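Working notes for the structure below.
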Amino acid sequence: MKAVIQRVLNASCMVDGRITGEIGKGLLIYFSVDKDDDLSILPRFLEKIVRLRCFEDENGKMNRSVMESGASVLFISQFTLSADVYHGNRPSFDVAEKPERAERIYSDAADMLRAMGLNVQCGVFGAHMEISYINDGPVTFILDSACFPHRS
């Protein structure tokens, strides 16, 4: 799994001229699933995102999580994060999870985020989406499950 996490002042997703998700202050999260992902870490992966202290406190320090700040999440599926761009000039998506399974995992992940108490808005899996946002900072983080600490 991979996630690109951006702190935003606002963000929206439009599909076929219709807004499918829209937030004010919060996190814009692009999310992808690889074929070999260990899904047992999905809860910890998402927990890491929601506990990431990337919002400023009263002293201007990045010391508050999305949960502590009362912010929202725009959660977007983006299989291109799984691309291999290191061989040749055409991206290869051989490691990206098959769409049916990836969609189920994306949907489960969105539900898990909601169960954590977050306001979660979504894009449309597999659709051509137009994402608009104002990056705040800019503050952007990349989380890759391949680098994620595993418990022994």
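By convention in this document, the chains of the structure tokens carry letters A, B, ... by their order, each chain's residues are numbered from 1, and ligands are numbered from 1 in the order they are shown.
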For this session: Pick out each residue of range 1-92 of chain A that DSSP on the backbone tags as helix (DSSP H, G or I); I need them as a PyMOL selection string.
Result: chain A and resi 39-51+66-69+79-82
Write the residues of the preceding selection, restricted to N, CA and C atoms, as a JSON list (two decimals), in the first residue's frame.
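Ended up saving to selection.json:
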```json
[["chain", "number", "residue", "atom", "x", "y", "z"],
["A", 39, "LEU", "N", -2.25, -7.25, 3.92],
["A", 39, "LEU", "CA", -3.41, -6.47, 4.37],
["A", 39, "LEU", "C", -3.64, -6.53, 5.87],
["A", 40, "SER", "N", -2.92, -7.40, 6.55],
["A", 40, "SER", "CA", -3.07, -7.44, 8.01],
["A", 40, "SER", "C", -2.57, -6.14, 8.64],
["A", 41, "ILE", "N", -1.74, -5.37, 7.92],
["A", 41, "ILE", "CA", -1.25, -4.11, 8.49],
["A", 41, "ILE", "C", -2.14, -2.91, 8.12],
["A", 42, "LEU", "N", -3.21, -3.14, 7.34],
["A", 42, "LEU", "CA", -4.07, -2.01, 6.94],
["A", 42, "LEU", "C", -4.55, -1.19, 8.13],
["A", 43, "PRO", "N", -5.04, -1.79, 9.20],
["A", 43, "PRO", "CA", -5.48, -0.96, 10.34],
["A", 43, "PRO", "C", -4.34, -0.10, 10.90],
["A", 44, "ARG", "N", -3.14, -0.67, 11.05],
["A", 44, "ARG", "CA", -2.00, 0.11, 11.56],
["A", 44, "ARG", "C", -1.56, 1.17, 10.56],
["A", 45, "PHE", "N", -1.62, 0.85, 9.27],
["A", 45, "PHE", "CA", -1.27, 1.79, 8.21],
["A", 45, "PHE", "C", -2.18, 3.02, 8.28],
["A", 46, "LEU", "N", -3.48, 2.79, 8.41],
["A", 46, "LEU", "CA", -4.44, 3.89, 8.50],
["A", 46, "LEU", "C", -4.29, 4.64, 9.82],
["A", 47, "GLU", "N", -4.03, 3.90, 10.90],
["A", 47, "GLU", "CA", -3.82, 4.52, 12.21],
["A", 47, "GLU", "C", -2.63, 5.48, 12.16],
["A", 48, "LYS", "N", -1.58, 5.08, 11.44],
["A", 48, "LYS", "CA", -0.41, 5.95, 11.29],
["A", 48, "LYS", "C", -0.80, 7.25, 10.61],
["A", 49, "ILE", "N", -1.63, 7.17, 9.60],
["A", 49, "ILE", "CA", -2.07, 8.37, 8.87],
["A", 49, "ILE", "C", -2.86, 9.29, 9.79],
["A", 50, "VAL", "N", -3.84, 8.73, 10.50],
["A", 50, "VAL", "CA", -4.72, 9.59, 11.30],
["A", 50, "VAL", "C", -4.04, 10.13, 12.55],
["A", 51, "ARG", "N", -2.96, 9.52, 12.97],
["A", 51, "ARG", "CA", -2.22, 10.01, 14.15],
["A", 51, "ARG", "C", -1.01, 10.87, 13.78],
["A", 66, "VAL", "N", -4.99, 14.80, 12.40],
["A", 66, "VAL", "CA", -6.26, 15.13, 11.75],
["A", 66, "VAL", "C", -7.41, 14.93, 12.73],
["A", 67, "MET", "N", -7.30, 13.93, 13.58],
["A", 67, "MET", "CA", -8.36, 13.68, 14.56],
["A", 67, "MET", "C", -8.41, 14.80, 15.60],
["A", 68, "GLU", "N", -7.24, 15.20, 16.09],
["A", 68, "GLU", "CA", -7.18, 16.23, 17.13],
["A", 68, "GLU", "C", -7.58, 17.60, 16.59],
["A", 69, "SER", "N", -7.37, 17.82, 15.31],
["A", 69, "SER", "CA", -7.67, 19.14, 14.74],
["A", 69, "SER", "C", -9.11, 19.27, 14.28],
["A", 79, "PHE", "N", -4.25, 4.23, -8.44],
["A", 79, "PHE", "CA", -3.41, 3.08, -8.73],
["A", 79, "PHE", "C", -2.08, 3.47, -9.34],
["A", 80, "THR", "N", -1.96, 4.68, -9.89],
["A", 80, "THR", "CA", -0.69, 5.09, -10.50],
["A", 80, "THR", "C", 0.43, 5.21, -9.47],
["A", 81, "LEU", "N", 0.10, 5.26, -8.18],
["A", 81, "LEU", "CA", 1.14, 5.25, -7.15],
["A", 81, "LEU", "C", 1.90, 3.93, -7.16],
["A", 82, "SER", "N", 1.30, 2.89, -7.71],
["A", 82, "SER", "CA", 1.93, 1.57, -7.77],
["A", 82, "SER", "C", 2.80, 1.40, -9.02]]
```
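By chain and then residue number, the residues within 6 Å of range 113-129 of chain A are Cys13, Met14, Val15, Thr20, Gly21, Ser72, Val73, Leu74, Phe75, Ile76, Ser77 and Ala110 of chain A, counting only C-alpha atoms and disregarding those fewer than 3 positions away in sequence.
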Run DSSP on the backbone and tell me which residues of range 28-138 of chain A come out as strand (DSSP E); list them as a short mmCIF file (atom, residue, chain, number, x, y, z; two decimals) with C-alpha atoms, in the first residue's frame.
```cif
data_model
loop_
_atom_site.label_atom_id
_atom_site.label_comp_id
_atom_site.auth_asym_id
_atom_site.auth_seq_id
_atom_site.Cartn_x
_atom_site.Cartn_y
_atom_site.Cartn_z
CA LEU A 28 -6.14 14.80 0.86
CA ILE A 29 -5.03 11.16 0.75
CA TYR A 30 -4.14 9.37 -2.47
CA PHE A 31 -4.19 5.61 -1.83
CA SER A 32 -2.99 2.60 -3.80
CA PHE A 55 -1.55 20.21 11.86
CA GLU A 56 -0.30 23.21 13.81
CA MET A 62 3.02 20.60 13.75
CA ASN A 63 1.70 18.89 16.85
CA ARG A 64 -1.91 17.87 16.08
CA SER A 72 -11.70 15.99 7.37
CA VAL A 73 -10.31 13.56 4.80
CA LEU A 74 -10.74 13.40 1.04
CA PHE A 75 -9.77 9.79 0.21
CA ILE A 76 -8.86 9.13 -3.42
CA SER A 77 -7.92 5.82 -5.05
CA VAL A 120 -14.34 10.99 5.08
CA GLN A 121 -15.32 12.03 1.58
CA CYS A 122 -14.30 9.91 -1.41
CA GLU A 130 -10.65 15.95 -11.37
CA ILE A 131 -9.08 16.82 -8.01
CA SER A 132 -8.88 20.44 -6.92
CA TYR A 133 -7.15 21.53 -3.75
CA ILE A 134 -5.15 24.19 -1.99
CA ASN A 135 -2.12 22.58 -0.37
CA ASP A 136 -1.47 24.08 3.05
CA GLY A 137 2.23 24.67 3.67
CA PRO A 138 2.85 22.78 1.45
#
```
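Here CA of Pro91 in chain A and CA of Arg7 in chain A stand 27.0 Å from one another.
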Problem set entry | Nearest to Leu9 in chain A by atom-to-atom distance, counting only C-alpha atoms, from A:Lys61, A:Arg101, A:His87, A:Lys25 | A:Lys25
Exercise. When distances are computed from only C-alpha atoms, which of A:Asp37, A:Asp16, A:Glu58, A:Glu97 shows the smallest separation from Asp144 in chain A?
Worked result: A:Asp37
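The space separating CA of Gly70 in chain A from CA of Leu52 in chain A comes to 13.4 Å.
In this model, the gap between CA of Ala11 in chain A and CA of Ile23 in chain A comes to 5.4 Å.
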